[in-house]
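The structure file coords-v4.txt is reproduced below (compact mmCIF, C-alpha atoms).
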# COMPACT_ATOMS: atom_id res chain seq x y z
CA MET A 25 -39.04 29.29 25.13
CA ARG A 26 -35.53 28.88 23.73
CA ALA A 27 -33.39 25.99 24.89
CA ILE A 28 -30.13 24.36 23.88
CA THR A 29 -30.93 20.70 23.40
CA VAL A 30 -29.45 17.36 22.39
CA SER A 31 -31.60 15.21 20.12
CA ARG A 32 -28.74 12.88 19.12
CA TYR A 33 -25.97 12.13 21.59
CA GLY A 34 -22.50 12.73 20.27
CA PRO A 35 -20.04 15.61 19.69
CA GLU A 36 -20.42 19.24 20.84
CA SER A 37 -21.93 20.15 17.46
CA ASN A 38 -25.03 18.15 18.45
CA LEU A 39 -25.90 20.92 20.92
CA GLN A 40 -28.57 22.88 19.08
CA SER A 41 -30.80 25.85 19.88
CA GLN A 42 -34.50 25.26 19.37
CA GLU A 43 -37.91 26.49 20.43
CA VAL A 44 -39.51 24.14 22.95
CA PRO A 45 -42.77 24.32 24.92
CA HIS A 46 -42.79 26.73 27.85
CA PRO A 47 -42.94 24.86 31.20
CA GLU A 48 -46.37 24.68 32.78
CA GLU A 49 -47.17 26.16 36.17
CA PRO A 50 -45.09 24.38 38.85
CA GLN A 51 -46.73 21.63 40.88
CA GLY A 52 -45.98 20.23 44.32
CA ARG A 53 -42.75 21.68 45.70
CA ASP A 54 -41.39 22.71 42.31
CA LEU A 55 -40.17 26.19 41.49
CA LEU A 56 -40.22 27.74 38.03
CA VAL A 57 -36.90 29.54 37.60
CA ARG A 58 -35.89 32.02 34.91
CA VAL A 59 -32.33 30.85 34.22
CA LYS A 60 -29.68 33.57 34.27
CA ALA A 61 -26.53 31.42 34.33
CA CYS A 62 -25.28 27.85 34.32
CA SER A 63 -21.98 25.98 34.40
CA VAL A 64 -20.56 22.88 32.75
CA ASN A 65 -19.29 19.83 34.63
CA PRO A 66 -17.71 16.60 33.34
CA VAL A 67 -21.07 14.91 33.86
CA ASP A 68 -22.68 17.36 31.38
CA VAL A 69 -20.09 16.34 28.80
CA LYS A 70 -20.71 12.63 29.37
CA VAL A 71 -24.48 13.05 29.14
CA ARG A 72 -24.23 14.96 25.86
CA ALA A 73 -21.81 12.40 24.42
CA GLY A 74 -24.10 9.50 25.34
CA THR A 75 -21.49 7.88 27.60
CA TYR A 76 -22.84 8.66 31.07
CA ASP A 77 -22.92 5.39 33.03
CA ASP A 78 -23.29 6.19 36.73
CA TYR A 79 -26.85 4.85 36.45
CA PRO A 80 -27.16 1.64 34.39
CA ASP A 81 -30.54 2.78 32.99
CA TYR A 82 -29.84 6.53 32.75
CA TYR A 83 -30.83 7.05 29.12
CA THR A 84 -34.16 5.28 29.62
CA LEU A 85 -35.07 7.68 32.44
CA VAL A 86 -34.39 11.07 30.81
CA THR A 87 -36.92 13.09 28.83
CA ARG A 88 -37.40 12.48 25.09
CA PRO A 89 -37.43 13.32 22.18
CA TYR A 90 -34.75 15.85 23.21
CA GLN A 91 -32.77 16.42 26.37
CA ILE A 92 -31.89 19.78 27.88
CA CYS A 93 -28.55 19.34 29.66
CA GLY A 94 -27.24 21.48 32.49
CA PHE A 95 -27.01 20.35 36.11
CA ASP A 96 -25.95 23.66 37.70
CA GLY A 97 -28.05 26.80 37.44
CA ALA A 98 -28.78 30.20 38.93
CA GLY A 99 -31.65 32.58 38.33
CA LYS A 100 -34.84 34.11 39.68
CA VAL A 101 -38.00 32.37 40.91
CA ILE A 102 -41.00 33.41 38.80
CA ALA A 103 -43.56 30.93 40.17
CA THR A 104 -43.87 28.47 43.06
CA GLY A 105 -45.79 25.23 43.40
CA PRO A 106 -48.75 24.98 45.81
CA GLU A 107 -46.68 23.00 48.35
CA SER A 108 -43.62 25.27 48.23
CA THR A 109 -42.64 26.74 51.62
CA LEU A 110 -39.00 27.74 51.20
CA PHE A 111 -39.04 30.38 48.44
CA SER A 112 -41.09 33.28 47.12
CA VAL A 113 -41.51 34.80 43.68
CA GLY A 114 -38.58 37.12 43.00
CA ASP A 115 -36.04 35.20 45.07
CA GLU A 116 -32.60 34.79 43.50
CA VAL A 117 -31.53 31.15 43.72
CA PHE A 118 -28.79 28.67 42.81
CA TYR A 119 -29.07 24.91 42.53
CA SER A 120 -28.06 21.60 41.00
CA GLY A 121 -31.17 19.94 39.64
CA SER A 122 -32.20 16.33 39.19
CA PRO A 123 -30.10 14.49 36.59
CA ILE A 124 -33.19 12.93 35.01
CA ARG A 125 -35.22 16.14 34.55
CA GLN A 126 -34.75 18.84 31.93
CA GLY A 127 -31.76 20.97 32.82
CA SER A 128 -30.58 24.56 33.00
CA ASN A 129 -29.58 25.12 29.35
CA ALA A 130 -32.94 26.81 28.79
CA GLU A 131 -34.73 30.08 29.51
CA PHE A 132 -36.93 28.45 32.18
CA GLN A 133 -36.60 25.36 34.35
CA HIS A 134 -38.63 23.41 36.88
CA VAL A 135 -36.57 22.59 39.99
CA ASP A 136 -37.62 20.92 43.25
CA GLU A 137 -37.14 23.54 45.99
CA ARG A 138 -35.48 20.94 48.21
CA VAL A 139 -32.34 21.04 46.01
CA VAL A 140 -32.31 24.86 45.74
CA GLY A 141 -30.61 27.51 47.87
CA HIS A 142 -30.86 31.29 48.12
CA LYS A 143 -28.06 32.76 46.00
CA PRO A 144 -25.09 34.11 47.97
CA LYS A 145 -25.31 37.91 48.00
CA SER A 146 -21.57 38.26 47.37
CA LEU A 147 -21.64 36.25 44.12
CA ASN A 148 -23.03 37.22 40.74
CA MET A 149 -25.21 34.78 38.82
CA VAL A 150 -22.38 33.07 36.92
CA GLN A 151 -20.27 32.67 40.04
CA ALA A 152 -23.26 31.25 41.90
CA ALA A 153 -24.02 28.80 39.10
CA ALA A 154 -20.46 27.45 39.31
CA MET A 155 -20.85 26.28 42.90
CA PRO A 156 -23.76 23.88 43.64
CA LEU A 157 -22.85 20.56 42.01
CA THR A 158 -19.21 20.64 43.03
CA TYR A 159 -19.81 21.90 46.57
CA VAL A 160 -22.68 19.55 47.42
CA THR A 161 -20.80 16.62 45.89
CA ALA A 162 -17.67 17.38 47.92
CA TYR A 163 -19.66 18.03 51.10
CA GLU A 164 -21.58 14.75 50.80
CA ALA A 165 -18.37 12.83 50.13
CA LEU A 166 -16.36 14.30 53.00
CA VAL A 167 -19.03 14.84 55.65
CA GLU A 168 -21.81 12.34 54.92
CA ARG A 169 -20.00 9.44 53.28
CA LEU A 170 -16.49 9.60 54.81
CA GLN A 171 -17.95 11.05 58.03
CA ILE A 172 -14.96 13.30 58.75
CA GLN A 173 -15.41 15.20 62.01
CA LYS A 174 -14.61 18.89 62.33
CA GLY A 175 -11.24 19.42 63.96
CA GLU A 176 -10.29 15.75 63.62
CA GLN A 177 -6.53 15.23 63.85
CA ALA A 178 -6.30 13.36 60.56
CA ALA A 179 -4.98 13.72 57.03
CA VAL A 180 -7.04 13.58 53.84
CA LEU A 181 -5.79 13.00 50.31
CA ILE A 182 -7.85 14.59 47.52
CA ILE A 183 -7.04 13.22 44.07
CA ASN A 184 -7.43 15.90 41.36
CA GLY A 185 -7.30 18.86 43.72
CA ALA A 186 -7.47 21.51 41.00
CA GLY A 187 -10.64 20.17 39.37
CA GLY A 188 -14.10 21.56 40.06
CA VAL A 189 -14.98 19.15 42.86
CA GLY A 190 -11.42 18.90 44.16
CA ALA A 191 -11.09 22.66 44.53
CA VAL A 192 -14.09 22.95 46.84
CA ALA A 193 -13.32 19.67 48.62
CA THR A 194 -9.94 21.15 49.54
CA GLN A 195 -11.62 24.26 50.94
CA ILE A 196 -14.14 22.22 52.93
CA ALA A 197 -11.39 19.99 54.34
CA LYS A 198 -9.14 22.86 55.38
CA ARG A 199 -11.46 25.77 56.16
CA VAL A 200 -14.71 24.10 57.25
CA LEU A 201 -13.58 20.79 58.76
CA GLU A 202 -10.27 22.34 59.86
CA LEU A 203 -8.16 19.27 59.13
CA PRO A 204 -4.46 19.82 59.86
CA VAL A 205 -3.19 18.03 56.74
CA VAL A 206 -4.87 18.33 53.34
CA VAL A 207 -2.89 16.62 50.57
CA THR A 208 -4.01 17.15 46.98
CA THR A 209 -2.74 15.99 43.60
CA ALA A 210 -1.87 18.22 40.66
CA SER A 211 0.75 18.07 37.92
CA ARG A 212 1.24 21.51 36.32
CA ASN A 213 2.61 24.64 37.96
CA GLU A 214 -0.69 26.49 37.47
CA THR A 215 -2.76 23.66 38.96
CA VAL A 216 -0.34 23.15 41.84
CA ASN A 217 -0.51 26.85 42.70
CA PHE A 218 -4.29 26.89 42.31
CA SER A 219 -4.66 23.91 44.63
CA ARG A 220 -2.53 25.61 47.26
CA GLU A 221 -4.70 28.72 46.95
CA MET A 222 -7.72 26.52 47.67
CA GLY A 223 -6.12 25.38 50.95
CA ALA A 224 -3.89 22.38 50.23
CA THR A 225 -1.09 21.96 52.76
CA HIS A 226 0.79 19.54 50.47
CA VAL A 227 0.54 18.85 46.72
CA VAL A 228 1.86 15.70 44.98
CA ASN A 229 1.99 14.79 41.29
CA HIS A 230 -0.73 12.31 40.33
CA HIS A 231 1.30 11.21 37.31
CA GLY A 232 3.89 9.75 39.67
CA ASP A 233 3.70 7.05 42.32
CA LEU A 234 1.36 8.32 45.01
CA GLY A 235 2.54 5.55 47.29
CA ALA A 236 6.05 6.89 47.13
CA ALA A 237 4.87 10.17 48.65
CA GLY A 238 4.97 8.48 52.04
CA ALA A 239 1.75 10.10 53.31
CA ILE A 240 -0.47 8.05 55.63
CA CYS A 241 -4.00 9.37 55.28
CA ARG A 242 -7.05 8.27 57.22
CA TYR A 243 -9.28 9.52 54.40
CA ILE A 244 -8.92 9.55 50.60
CA PHE A 245 -11.30 11.26 48.19
CA ILE A 246 -10.97 10.24 44.53
CA ALA A 247 -12.27 12.80 42.03
CA HIS A 248 -10.53 11.42 38.93
CA SER A 249 -9.57 8.00 37.48
CA THR A 250 -10.67 5.64 40.24
CA ASP A 251 -9.09 2.46 38.91
CA ARG A 252 -5.78 4.10 38.11
CA HIS A 253 -5.24 5.17 41.72
CA LEU A 254 -6.88 2.39 43.71
CA ALA A 255 -3.75 0.32 44.43
CA ALA A 256 -1.85 3.44 45.53
CA CYS A 257 -4.77 4.41 47.77
CA ALA A 258 -4.57 1.04 49.51
CA LYS A 259 -0.86 1.64 50.12
CA ILE A 260 -1.32 5.20 51.41
CA CYS A 261 -4.46 4.78 53.49
CA ALA A 262 -4.06 4.14 57.21
CA PRO A 263 -5.51 0.95 58.73
CA PHE A 264 -9.29 1.18 59.17
CA GLY A 265 -9.28 4.21 56.85
CA LYS A 266 -11.88 5.14 54.24
CA VAL A 267 -11.68 5.75 50.50
CA CYS A 268 -14.53 7.54 48.67
CA SER A 269 -14.87 7.99 44.91
CA ILE A 270 -17.21 9.95 42.63
CA VAL A 271 -15.82 8.38 39.43
CA GLN A 272 -17.13 5.12 37.97
CA GLY A 273 -14.67 2.22 37.73
CA GLN A 274 -14.18 -1.53 38.07
CA VAL A 275 -12.73 -1.15 41.59
CA GLN A 276 -10.44 -4.17 41.60
CA MET A 277 -9.12 -4.56 45.15
CA TYR A 278 -7.67 -8.07 45.00
CA GLY A 279 -3.90 -8.06 45.55
CA THR A 280 -3.98 -4.72 47.35
CA GLU A 281 -4.00 -3.92 51.07
CA PHE A 282 -7.73 -3.10 51.17
CA MET A 283 -8.61 -6.22 53.13
CA ALA A 284 -5.37 -6.41 55.09
CA LYS A 285 -5.96 -2.90 56.46
CA SER A 286 -9.74 -3.33 56.86
CA LEU A 287 -10.32 -0.33 54.63
CA SER A 288 -13.75 0.91 53.54
CA PHE A 289 -14.58 1.86 49.94
CA ILE A 290 -17.57 4.16 49.44
CA TRP A 291 -19.32 5.66 46.43
CA ALA A 292 -20.71 9.21 46.47
CA LEU A 293 -23.15 10.37 43.77
CA LEU A 294 -24.92 13.70 43.94
CA GLY A 295 -28.00 12.51 42.04
CA THR A 296 -28.85 9.62 44.33
CA LYS A 297 -31.14 11.69 46.55
CA SER A 298 -33.01 13.27 43.64
CA VAL A 299 -33.37 10.13 41.52
CA TYR A 300 -34.55 7.97 44.42
CA GLY A 301 -36.47 10.73 46.23
CA VAL A 302 -34.65 10.48 49.59
CA ASP A 303 -33.28 13.19 51.88
CA GLN A 304 -33.42 15.88 49.18
CA ILE A 305 -33.87 18.62 51.79
CA THR A 306 -30.22 18.17 52.80
CA HIS A 307 -29.20 19.73 49.48
CA HIS A 308 -31.18 22.86 50.37
CA GLU A 309 -29.56 22.92 53.80
CA THR A 310 -26.05 22.45 52.39
CA LEU A 311 -26.55 25.24 49.87
CA GLY A 312 -27.80 27.49 52.67
CA GLU A 313 -24.58 26.83 54.59
CA LEU A 314 -22.56 27.42 51.42
CA ALA A 315 -24.22 30.82 50.89
CA GLN A 316 -23.22 31.88 54.41
CA LEU A 317 -19.67 30.59 53.97
CA ALA A 318 -19.29 32.33 50.60
CA ASP A 319 -20.65 35.63 51.92
CA SER A 320 -18.28 35.44 54.89
CA GLY A 321 -15.32 34.82 52.57
CA LEU A 322 -14.47 31.44 54.08
CA ILE A 323 -15.31 29.59 50.84
CA GLN A 324 -14.05 31.08 47.58
CA CYS A 325 -15.79 30.73 44.23
CA HIS A 326 -13.66 28.56 41.92
CA LEU A 327 -14.96 29.97 38.63
CA THR A 328 -11.96 30.45 36.32
CA ARG A 329 -13.59 30.95 32.90
CA GLU A 330 -16.81 32.74 31.87
CA LEU A 331 -18.50 32.37 28.47
CA ASP A 332 -21.67 33.67 26.85
CA LEU A 333 -24.81 31.61 27.41
CA ASN A 334 -25.56 30.68 23.81
CA VAL A 335 -24.87 27.69 21.54
CA GLU A 336 -21.38 28.83 20.64
CA GLY A 337 -20.46 29.44 24.29
CA LEU A 338 -21.94 26.15 25.48
CA ARG A 339 -20.14 24.16 22.79
CA GLU A 340 -16.87 25.83 23.77
CA ALA A 341 -17.49 25.06 27.45
CA HIS A 342 -18.08 21.39 26.59
CA ARG A 343 -14.86 21.32 24.54
CA LEU A 344 -12.86 22.84 27.40
CA VAL A 345 -14.24 20.57 30.11
CA GLY A 346 -14.18 17.49 27.88
CA GLY A 347 -10.54 18.15 27.02
CA GLY A 348 -9.46 17.97 30.66
CA GLY A 349 -7.00 20.20 32.46
CA VAL A 350 -9.51 22.91 33.39
CA ARG A 351 -8.84 24.59 36.73
CA GLY A 352 -11.98 25.05 38.80
CA LYS A 353 -15.15 25.69 36.82
CA VAL A 354 -16.35 27.06 33.47
CA GLY A 355 -19.56 29.13 33.73
CA LEU A 356 -21.90 30.79 31.25
CA GLY A 357 -23.98 33.92 31.68
CA ILE A 358 -26.04 36.52 29.86
CA PRO A 359 -24.08 39.70 29.02
CA GLN A 360 -25.70 43.12 29.44
CA SER A 361 -25.71 43.87 25.70
CA LYS A 362 -29.23 44.57 24.40
CA ASP A 363 -28.39 42.76 21.18
CA PHE A 364 -27.42 39.48 22.87
CA LYS A 365 -29.95 36.67 22.51
CA PRO A 366 -29.37 33.95 25.09
CA PHE A 367 -29.83 30.26 24.32
CA THR A 368 -29.55 30.87 20.56

Give the structure from the file, written as structure tokens.
Amino acid sequence: MRAITVSRYGPESNLQSQEVPHPEEPQGRDLLVRVKACSVNPVDVKVRAGTYDDYPDYYTLVTRPYQICGFDGAGKVIATGPESTLFSVGDEVFYSGSPIRQGSNAEFQHVDERVVGHKPKSLNMVQAAAMPLTYVTAYEALVERLQIQKGEQAAVLIINGAGGVGAVATQIAKRVLELPVVVTTASRNETVNFSREMGATHVVNHHGDLGAAGAICRYIFIAHSTDRHLAACAKICAPFGKVCSIVQGQVQMYGTEFMAKSLSFIWALLGTKSVYGVDQITHHETLGELAQLADSGLIQCHLTRELDLNVEGLREAHRLVGGGGVRGKVGLGIPQSKDFKPFT
């Protein structure tokens, strides 16, 4: 099969198309998926560059001699493992796979069915592939880690509201959890407007002093530059409040109000369940809920840029995401042209 691989970590030019062995028949609860679309997240860029550090031993765990990147994917099931109970051959699916297995930048991929959902009927393949990592990350952070209750009379601050995770976190906070106050951060007119479209009730500039905004939030979700914002979070957060981050940092709390206010700091990492083999079925359940919410129109797809699923398109997607400032998500799909050769 064709795949876009990284044999040497470094710049976008190190993404190369090559012929690799076709995956064997799936075992256990694995599915074999024919990939129709994928998307690029900041984590994809870090992995390709060789700088990903959320796991101290990450690069000793991934497959060699080449790595197929791509966390998000969408496609069609072409085979199921003997222990599979959730899917059948021919099902259209979307998912965010394990960070230490071969990814979605390939014609075929093995994925554990417990991190897979049935594709929303209202979304095409590229739109569907833009959703899983960001939605499940945001859902775990807000619902599982911060433990926000639906209808709670509380305010949440989401730092980097126009980013991929921030855009869906805003929708979850406002439209699913029905919080009365959802404050996000954004700095440009286009990102401010986009964040409001996603459901923000207030938008503040993250290049300024967040503490000067005067908001008192019970919950804060950091989706960009943890260390830069930590002192301001301590100032803004209400006593006994909670701060959750998905971005690695030193997390220096001394000299801030973290202890004075009895605040909680919590990490959220999507890959924890897959890497350590715990509670993976919750990803399937969350994606099932997402499909219903998307088909009902309550949750909007945040795809803002679509590229061709080949080496040139993937390199461009990595450049865009790695450069920062992207609203929502960048996805890649296979155009209808008979002459187009995906993954080349």

Could you name the residues that touch Ala153 of chain A at 10 Å or less, counting only C-alpha atoms, but leaving out those on the same chain fewer than 4 positions away, as a VMD selection string?
-> chain A and resid 59 to 64 95 to 99 117 to 120 128 143 147 to 149 157 325 327 353 to 357

Minimum-distance residue to Glu309 of chain A, chosen among A:Arg26, A:Glu43, A:Tyr163, A:Ala154 (using all atoms listed in the file) | A:Tyr163

Could you work out how far atom CA of Thr194 of chain A lies from atom CA of Leu333 of chain A, giving the answer in Å with one decimal?
-> 28.6 Å

Which residue out of A:Leu287, A:Leu344, A:Leu311, A:Met25 has the minimum interatomic distance to Val160 of chain A when all atoms listed in the file are used?
-> A:Leu311

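The smallest atom-to-atom distance between Ala162 of chain A and any of A:Ile270, A:Val67, A:Val113, A:Ala178, using all atoms listed in the file, is found for A:Ile270.
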
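Note that the spacing between atom CA of Glu36 of chain A and atom CA of Gly273 of chain A amounts to 24.7 Å.
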
Mind listing as a ChimeraX atom specification all residues within 10 Å of (-30.2, 12.6, 49.3), counting all atoms listed in the file?
-> /A:138-139,164,293-307

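Distance annotation: of A:Glu221, A:Glu48, A:Asp78, A:Glu330, the residue with the minimal separation from Gln151 of chain A is A:Glu330; atom set is all atoms listed in the file.
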
Please complete segment 257-268 of chain A so it has all heavy atoms, and hand it over as a short mmCIF file (atom, residue, chain, number, x, y, z; two decimals), keeping the file's coordinate frame.
data_model
loop_
_atom_site.label_atom_id
_atom_site.label_comp_id
_atom_site.auth_asym_id
_atom_site.auth_seq_id
_atom_site.Cartn_x
_atom_site.Cartn_y
_atom_site.Cartn_z
N CYS A 257 -3.95 4.01 46.62
CA CYS A 257 -4.77 4.41 47.77
C CYS A 257 -4.68 3.37 48.88
O CYS A 257 -4.61 3.71 50.07
CB CYS A 257 -6.22 4.58 47.34
SG CYS A 257 -6.53 6.04 46.32
N ALA A 258 -4.68 2.10 48.50
CA ALA A 258 -4.57 1.04 49.51
C ALA A 258 -3.24 1.13 50.24
O ALA A 258 -3.14 0.85 51.44
CB ALA A 258 -4.72 -0.32 48.84
N LYS A 259 -2.18 1.54 49.52
CA LYS A 259 -0.86 1.64 50.12
C LYS A 259 -0.78 2.84 51.06
O LYS A 259 -0.16 2.79 52.13
CB LYS A 259 0.20 1.76 49.02
CG LYS A 259 1.64 1.74 49.52
CD LYS A 259 2.61 1.92 48.37
CE LYS A 259 2.50 0.77 47.36
NZ LYS A 259 3.54 0.88 46.31
N ILE A 260 -1.41 3.95 50.66
CA ILE A 260 -1.32 5.20 51.41
C ILE A 260 -2.26 5.24 52.62
O ILE A 260 -1.94 5.82 53.65
CB ILE A 260 -1.63 6.40 50.49
CG1 ILE A 260 -0.55 6.52 49.41
CG2 ILE A 260 -1.74 7.69 51.26
CD1 ILE A 260 -0.92 7.51 48.33
N CYS A 261 -3.41 4.62 52.47
CA CYS A 261 -4.46 4.78 53.49
C CYS A 261 -4.07 4.06 54.79
O CYS A 261 -3.53 2.94 54.78
CB CYS A 261 -5.77 4.21 52.96
SG CYS A 261 -7.23 4.87 53.81
N ALA A 262 -4.36 4.71 55.91
CA ALA A 262 -4.06 4.14 57.21
C ALA A 262 -5.01 2.98 57.51
O ALA A 262 -6.12 2.92 56.98
CB ALA A 262 -4.20 5.22 58.28
N PRO A 263 -4.60 2.03 58.34
CA PRO A 263 -5.51 0.95 58.73
C PRO A 263 -6.84 1.48 59.25
O PRO A 263 -6.89 2.48 59.97
CB PRO A 263 -4.73 0.22 59.84
CG PRO A 263 -3.28 0.49 59.49
CD PRO A 263 -3.27 1.89 58.94
N PHE A 264 -7.92 0.81 58.84
CA PHE A 264 -9.29 1.18 59.17
C PHE A 264 -9.70 2.52 58.53
O PHE A 264 -10.70 3.13 58.94
CB PHE A 264 -9.52 1.22 60.69
CG PHE A 264 -9.14 -0.05 61.37
CD1 PHE A 264 -7.98 -0.12 62.13
CD2 PHE A 264 -9.93 -1.18 61.24
CE1 PHE A 264 -7.62 -1.30 62.76
CE2 PHE A 264 -9.57 -2.37 61.86
CZ PHE A 264 -8.42 -2.43 62.63
N GLY A 265 -8.95 2.97 57.54
CA GLY A 265 -9.28 4.21 56.85
C GLY A 265 -10.40 4.03 55.84
O GLY A 265 -10.92 2.92 55.64
N LYS A 266 -10.76 5.14 55.18
CA LYS A 266 -11.88 5.14 54.24
C LYS A 266 -11.46 5.81 52.94
O LYS A 266 -10.78 6.83 52.94
CB LYS A 266 -13.08 5.89 54.83
CG LYS A 266 -13.65 5.27 56.09
CD LYS A 266 -14.83 6.09 56.60
CE LYS A 266 -15.43 5.49 57.87
NZ LYS A 266 -16.58 6.30 58.35
N VAL A 267 -11.93 5.21 51.84
CA VAL A 267 -11.68 5.75 50.50
C VAL A 267 -13.03 5.98 49.84
O VAL A 267 -13.88 5.08 49.81
CB VAL A 267 -10.84 4.78 49.65
CG1 VAL A 267 -10.61 5.36 48.25
CG2 VAL A 267 -9.52 4.46 50.33
N CYS A 268 -13.26 7.19 49.31
CA CYS A 268 -14.53 7.54 48.67
C CYS A 268 -14.25 8.02 47.26
O CYS A 268 -13.32 8.80 47.03
CB CYS A 268 -15.25 8.62 49.47
SG CYS A 268 -16.83 9.15 48.74
#
